[in-house]
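Asker: So here's structure_11.tsv (TSV, N, CA and C atoms).
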```tsv
chain	number	residue	atom	x	y	z
E	1	MET	N	0.85	-1.17	0.00
E	1	MET	CA	0.00	0.00	0.00
E	1	MET	C	0.90	1.25	0.00
E	2	THR	N	0.46	2.24	-0.71
E	2	THR	CA	1.22	3.48	-0.75
E	2	THR	C	0.98	4.28	0.52
E	3	ASP	N	1.78	5.34	0.69
E	3	ASP	CA	1.61	6.20	1.86
E	3	ASP	C	0.22	6.79	1.88
E	4	SER	N	-0.54	6.45	2.88
E	4	SER	CA	-1.90	6.92	3.02
E	4	SER	C	-2.35	6.58	4.43
E	5	ASN	N	-3.35	7.28	4.93
E	5	ASN	CA	-3.91	6.92	6.22
E	5	ASN	C	-4.71	5.64	6.07
E	6	LEU	N	-4.45	4.69	6.93
E	6	LEU	CA	-5.20	3.45	6.92
E	6	LEU	C	-6.27	3.51	8.00
E	7	VAL	N	-7.44	2.99	7.68
E	7	VAL	CA	-8.56	2.97	8.62
E	7	VAL	C	-9.16	1.57	8.66
E	8	VAL	N	-9.78	1.25	9.76
E	8	VAL	CA	-10.44	-0.05	9.92
E	8	VAL	C	-11.80	0.02	9.25
E	9	VAL	N	-12.02	-0.86	8.28
E	9	VAL	CA	-13.32	-0.90	7.62
E	9	VAL	C	-14.26	-1.82	8.40
E	10	HIS	N	-13.70	-2.88	9.01
E	10	HIS	CA	-14.52	-3.80	9.80
E	10	HIS	C	-13.61	-4.74	10.58
E	11	SER	N	-14.08	-5.20	11.73
E	11	SER	CA	-13.36	-6.19	12.53
E	11	SER	C	-14.13	-7.50	12.47
E	12	PHE	N	-13.39	-8.59	12.38
E	12	PHE	CA	-13.99	-9.92	12.29
E	12	PHE	C	-13.51	-10.78	13.45
E	13	GLY	N	-14.28	-11.79	13.79
E	13	GLY	CA	-13.94	-12.68	14.90
E	13	GLY	C	-13.02	-13.81	14.53
E	14	SER	N	-12.76	-14.00	13.23
E	14	SER	CA	-11.87	-15.09	12.82
E	14	SER	C	-11.05	-14.69	11.60
E	15	GLN	N	-9.93	-15.36	11.46
E	15	GLN	CA	-9.03	-15.11	10.33
E	15	GLN	C	-9.71	-15.44	8.99
E	16	PRO	N	-10.42	-16.57	8.88
E	16	PRO	CA	-11.06	-16.86	7.59
E	16	PRO	C	-12.08	-15.80	7.16
E	17	GLU	N	-12.84	-15.25	8.11
E	17	GLU	CA	-13.79	-14.18	7.76
E	17	GLU	C	-13.05	-12.96	7.23
E	18	ALA	N	-11.98	-12.58	7.91
E	18	ALA	CA	-11.19	-11.43	7.48
E	18	ALA	C	-10.55	-11.69	6.12
E	19	ASP	N	-10.07	-12.91	5.89
E	19	ASP	CA	-9.47	-13.27	4.60
E	19	ASP	C	-10.49	-13.13	3.47
E	20	MET	N	-11.73	-13.57	3.71
E	20	MET	CA	-12.77	-13.45	2.68
E	20	MET	C	-13.09	-11.99	2.38
E	21	ALA	N	-13.11	-11.16	3.42
E	21	ALA	CA	-13.38	-9.73	3.22
E	21	ALA	C	-12.27	-9.09	2.40
E	22	VAL	N	-11.02	-9.42	2.71
E	22	VAL	CA	-9.89	-8.88	1.95
E	22	VAL	C	-9.97	-9.33	0.50
E	23	SER	N	-10.32	-10.59	0.27
E	23	SER	CA	-10.45	-11.10	-1.10
E	23	SER	C	-11.53	-10.34	-1.87
E	24	ALA	N	-12.67	-10.08	-1.22
E	24	ALA	CA	-13.76	-9.34	-1.87
E	24	ALA	C	-13.32	-7.93	-2.20
E	25	LEU	N	-12.62	-7.29	-1.27
E	25	LEU	CA	-12.15	-5.92	-1.50
E	25	LEU	C	-11.14	-5.87	-2.64
E	26	GLU	N	-10.20	-6.80	-2.63
E	26	GLU	CA	-9.19	-6.82	-3.69
E	26	GLU	C	-9.80	-7.13	-5.04
E	27	ALA	N	-10.84	-7.97	-5.08
E	27	ALA	CA	-11.53	-8.25	-6.34
E	27	ALA	C	-12.21	-6.99	-6.88
E	28	ALA	N	-12.58	-6.08	-5.97
E	28	ALA	CA	-13.21	-4.82	-6.36
E	28	ALA	C	-12.16	-3.73	-6.63
E	29	GLY	N	-10.89	-4.09	-6.58
E	29	GLY	CA	-9.83	-3.14	-6.87
E	29	GLY	C	-9.41	-2.28	-5.69
E	30	ILE	N	-9.76	-2.71	-4.47
E	30	ILE	CA	-9.41	-1.95	-3.26
E	30	ILE	C	-8.32	-2.72	-2.52
E	31	ASP	N	-7.16	-2.07	-2.31
E	31	ASP	CA	-6.10	-2.70	-1.52
E	31	ASP	C	-6.57	-2.80	-0.08
E	32	ALA	N	-6.31	-3.94	0.54
E	32	ALA	CA	-6.72	-4.16	1.93
E	32	ALA	C	-5.71	-5.07	2.61
E	33	MET	N	-5.67	-4.98	3.92
E	33	MET	CA	-4.79	-5.85	4.69
E	33	MET	C	-5.43	-6.14	6.04
E	34	ILE	N	-4.93	-7.18	6.71
E	34	ILE	CA	-5.46	-7.58	8.01
E	34	ILE	C	-4.46	-7.21	9.08
E	35	GLN	N	-4.97	-6.64	10.15
E	35	GLN	CA	-4.15	-6.34	11.32
E	35	GLN	C	-4.72	-7.15	12.48
E	36	SER	N	-3.86	-7.92	13.14
E	36	SER	CA	-4.31	-8.68	14.30
E	36	SER	C	-3.10	-9.01	15.16
E	37	ASP	N	-3.38	-9.32	16.41
E	37	ASP	CA	-2.34	-9.76	17.32
E	37	ASP	C	-2.62	-11.21	17.67
E	38	THR	N	-1.84	-12.10	17.08
E	38	THR	CA	-2.00	-13.53	17.34
E	38	THR	C	-0.75	-14.13	17.95
E	39	GLY	N	0.11	-13.29	18.48
E	39	GLY	CA	1.35	-13.80	19.09
E	39	GLY	C	2.18	-14.56	18.08
E	40	GLY	N	2.31	-14.00	16.89
E	40	GLY	CA	3.10	-14.67	15.85
E	40	GLY	C	2.42	-15.92	15.31
E	41	GLY	N	1.11	-15.98	15.42
E	41	GLY	CA	0.35	-17.14	14.94
E	41	GLY	C	0.25	-18.26	15.95
E	42	MET	N	0.92	-18.09	17.09
E	42	MET	CA	0.92	-19.15	18.10
E	42	MET	C	-0.20	-19.00	19.12
E	43	ARG	N	-0.80	-17.84	19.20
E	43	ARG	CA	-1.86	-17.58	20.17
E	43	ARG	C	-3.02	-16.82	19.52
E	44	PRO	N	-3.78	-17.49	18.65
E	44	PRO	CA	-4.90	-16.79	17.99
E	44	PRO	C	-5.94	-16.29	18.98
E	45	SER	N	-6.01	-16.87	20.16
E	45	SER	CA	-6.99	-16.42	21.14
E	45	SER	C	-6.74	-14.99	21.59
E	46	ILE	N	-5.52	-14.49	21.44
E	46	ILE	CA	-5.24	-13.10	21.78
E	46	ILE	C	-6.09	-12.18	20.90
E	47	ALA	N	-6.19	-12.49	19.62
E	47	ALA	CA	-7.01	-11.67	18.71
E	47	ALA	C	-8.48	-11.79	19.07
E	48	TRP	N	-8.93	-13.00	19.37
E	48	TRP	CA	-10.34	-13.18	19.70
E	48	TRP	C	-10.71	-12.41	20.95
E	49	ALA	N	-9.80	-12.35	21.93
E	49	ALA	CA	-10.08	-11.66	23.19
E	49	ALA	C	-9.93	-10.14	23.05
E	50	GLY	N	-9.26	-9.70	22.01
E	50	GLY	CA	-9.02	-8.27	21.82
E	50	GLY	C	-9.96	-7.66	20.81
E	51	VAL	N	-9.38	-6.99	19.83
E	51	VAL	CA	-10.18	-6.29	18.82
E	51	VAL	C	-10.48	-7.16	17.60
E	52	GLY	N	-10.04	-8.38	17.60
E	52	GLY	CA	-10.31	-9.29	16.49
E	52	GLY	C	-9.34	-9.09	15.34
E	53	PHE	N	-9.79	-9.47	14.18
E	53	PHE	CA	-9.00	-9.37	12.96
E	53	PHE	C	-9.52	-8.16	12.20
E	54	GLN	N	-8.78	-7.07	12.23
E	54	GLN	CA	-9.22	-5.81	11.64
E	54	GLN	C	-8.78	-5.73	10.18
E	55	VAL	N	-9.75	-5.43	9.31
E	55	VAL	CA	-9.44	-5.22	7.89
E	55	VAL	C	-9.23	-3.73	7.68
E	56	LEU	N	-8.05	-3.39	7.15
E	56	LEU	CA	-7.67	-2.00	6.93
E	56	LEU	C	-7.68	-1.66	5.45
E	57	VAL	N	-8.13	-0.45	5.15
E	57	VAL	CA	-8.10	0.08	3.79
E	57	VAL	C	-7.62	1.53	3.85
E	58	ARG	N	-7.29	2.07	2.69
E	58	ARG	CA	-6.94	3.49	2.64
E	58	ARG	C	-8.17	4.32	3.02
E	59	GLU	N	-7.93	5.43	3.68
E	59	GLU	CA	-9.02	6.29	4.11
E	59	GLU	C	-9.92	6.71	2.95
E	60	GLU	N	-9.30	7.00	1.81
E	60	GLU	CA	-10.09	7.44	0.66
E	60	GLU	C	-10.92	6.31	0.04
E	61	ASP	N	-10.65	5.06	0.40
E	61	ASP	CA	-11.40	3.91	-0.11
E	61	ASP	C	-12.47	3.41	0.86
E	62	LEU	N	-12.61	4.07	2.00
E	62	LEU	CA	-13.48	3.57	3.06
E	62	LEU	C	-14.94	3.42	2.62
E	63	VAL	N	-15.50	4.43	1.99
E	63	VAL	CA	-16.92	4.37	1.60
E	63	VAL	C	-17.15	3.24	0.59
E	64	GLN	N	-16.27	3.15	-0.41
E	64	GLN	CA	-16.40	2.09	-1.40
E	64	GLN	C	-16.22	0.72	-0.75
E	65	ALA	N	-15.29	0.60	0.19
E	65	ALA	CA	-15.05	-0.67	0.88
E	65	ALA	C	-16.28	-1.09	1.67
E	66	ARG	N	-16.92	-0.14	2.34
E	66	ARG	CA	-18.14	-0.46	3.09
E	66	ARG	C	-19.25	-0.92	2.14
E	67	ASP	N	-19.32	-0.33	0.95
E	67	ASP	CA	-20.30	-0.77	-0.03
E	67	ASP	C	-20.03	-2.20	-0.47
E	68	VAL	N	-18.76	-2.51	-0.72
E	68	VAL	CA	-18.39	-3.87	-1.17
E	68	VAL	C	-18.76	-4.89	-0.08
E	69	LEU	N	-18.47	-4.54	1.17
E	69	LEU	CA	-18.77	-5.46	2.27
E	69	LEU	C	-20.19	-5.34	2.77
E	70	ASP	N	-20.99	-4.45	2.13
E	70	ASP	CA	-22.39	-4.21	2.47
E	70	ASP	C	-22.55	-3.82	3.94
E	71	LEU	N	-21.75	-2.81	4.33
E	71	LEU	CA	-21.79	-2.28	5.69
E	71	LEU	C	-22.42	-0.89	5.67
E	72	PRO	N	-22.94	-0.40	6.80
E	72	PRO	CA	-23.47	0.96	6.84
E	72	PRO	C	-22.37	1.97	6.45
E	73	ALA	N	-22.77	3.08	5.86
E	73	ALA	CA	-21.80	4.09	5.41
E	73	ALA	C	-21.04	4.70	6.57
E	74	THR	N	-21.67	4.80	7.73
E	74	THR	CA	-20.98	5.31	8.91
E	74	THR	C	-21.11	4.28	10.02
E	75	PRO	N	-20.07	4.14	10.84
E	75	PRO	CA	-20.15	3.15	11.92
E	75	PRO	C	-21.23	3.54	12.93
E	76	SER	N	-21.90	2.55	13.45
E	76	SER	CA	-22.93	2.82	14.47
E	76	SER	C	-22.27	2.91	15.83
E	77	ALA	N	-22.87	3.69	16.71
E	77	ALA	CA	-22.29	3.90	18.05
E	77	ALA	C	-22.71	2.81	18.99
```
Take the structure in the file and give it back as structure tokens.

Answerer:
Amino acid sequence: MTDSNLVVVHSFGSQPEADMAVSALEAAGIDAMIQSDTGGGMRPSIAWAGVGFQVLVREEDLVQARDVLDLPATPSA
């Protein structure tokens, strides 16, 4: 990804869910990546207990990414 502000488009409870979201975004031409803390892959429960598997996109791609993932345009409180 080029220099840009990255934002969380959505958090998932599992790696496979996040992987599918990234695949859908990339198929739509949106660069995306997953951020999670799994202790180097040895402790996936750390991610489950924390913020989960966060899918990140460029800030300027956020609205389009939410459309691709069929999420509300603005996060709910």

Asker: Would you work out the distance separating atom N of E:Val51 from atom C of E:Ala28, expressed in Å to one decimal?

Answerer: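 Spanning atom N of E:Val51 to atom C of E:Ala28 is a straight-line distance of 26.8 Å.
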
Asker: What is the atom N of E:Gln54 to atom CA of E:Val9 distance in Å?

Answerer: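 That distance, rounded to one decimal, is 8.9 Å.
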
Asker: Return the single residue from E:His10, E:Met33, E:Pro16, E:Ser4 that is closest to E:Leu71, with distances computed using only C-alpha atoms.

Answerer: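 Using only C-alpha atoms, E:Leu71 sits closest to E:His10.
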
Asker: Find the residue from E:Ala24, E:Val8, E:Ala18, E:Leu56 that sits nearest to E:Val68; use all atoms listed in the file when measuring.

Answerer: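 Among E:Ala24, E:Val8, E:Ala18, E:Leu56, it is E:Ala24 that comes nearest to E:Val68.
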
Asker: Need the shell around E:Arg58: protein/DNA/RNA residues with any atom at most 5 Å away, counting only N, CA and C atoms. Skip same-chain ones fewer than 2 positions apart. Format as a PyMOL selection string?

Answerer: chain E and resi 5-7+56+60-62

Asker: Return the single residue from E:Ala32, E:Ala21, E:Ala27, E:Leu69 that is closest to E:Val57, with distances computed using only C-alpha atoms.

Answerer: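 The closest residue to E:Val57 is E:Ala32.
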
Asker: Can you pull out every residue within 8 Å of E:Glu17, counting only N, CA and C atoms, but drop anything in the same chain fewer than 6 positions away, and send it as a ChimeraX atom specification?

Answerer: /E:11,23,53

Asker: Considering all atoms listed in the file, can you say which of E:Ser36, E:Asp67, E:Ile30, E:Val22 comes closest to E:Gly52?

Answerer: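 The closest residue to E:Gly52 is E:Ser36.
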
Asker: Could you jot down the atom N of E:Asp19 to atom C of E:Glu59 separation for me, Å, one decimal place?

Answerer: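 Atom N of E:Asp19 sits 19.8 Å away from atom C of E:Glu59.
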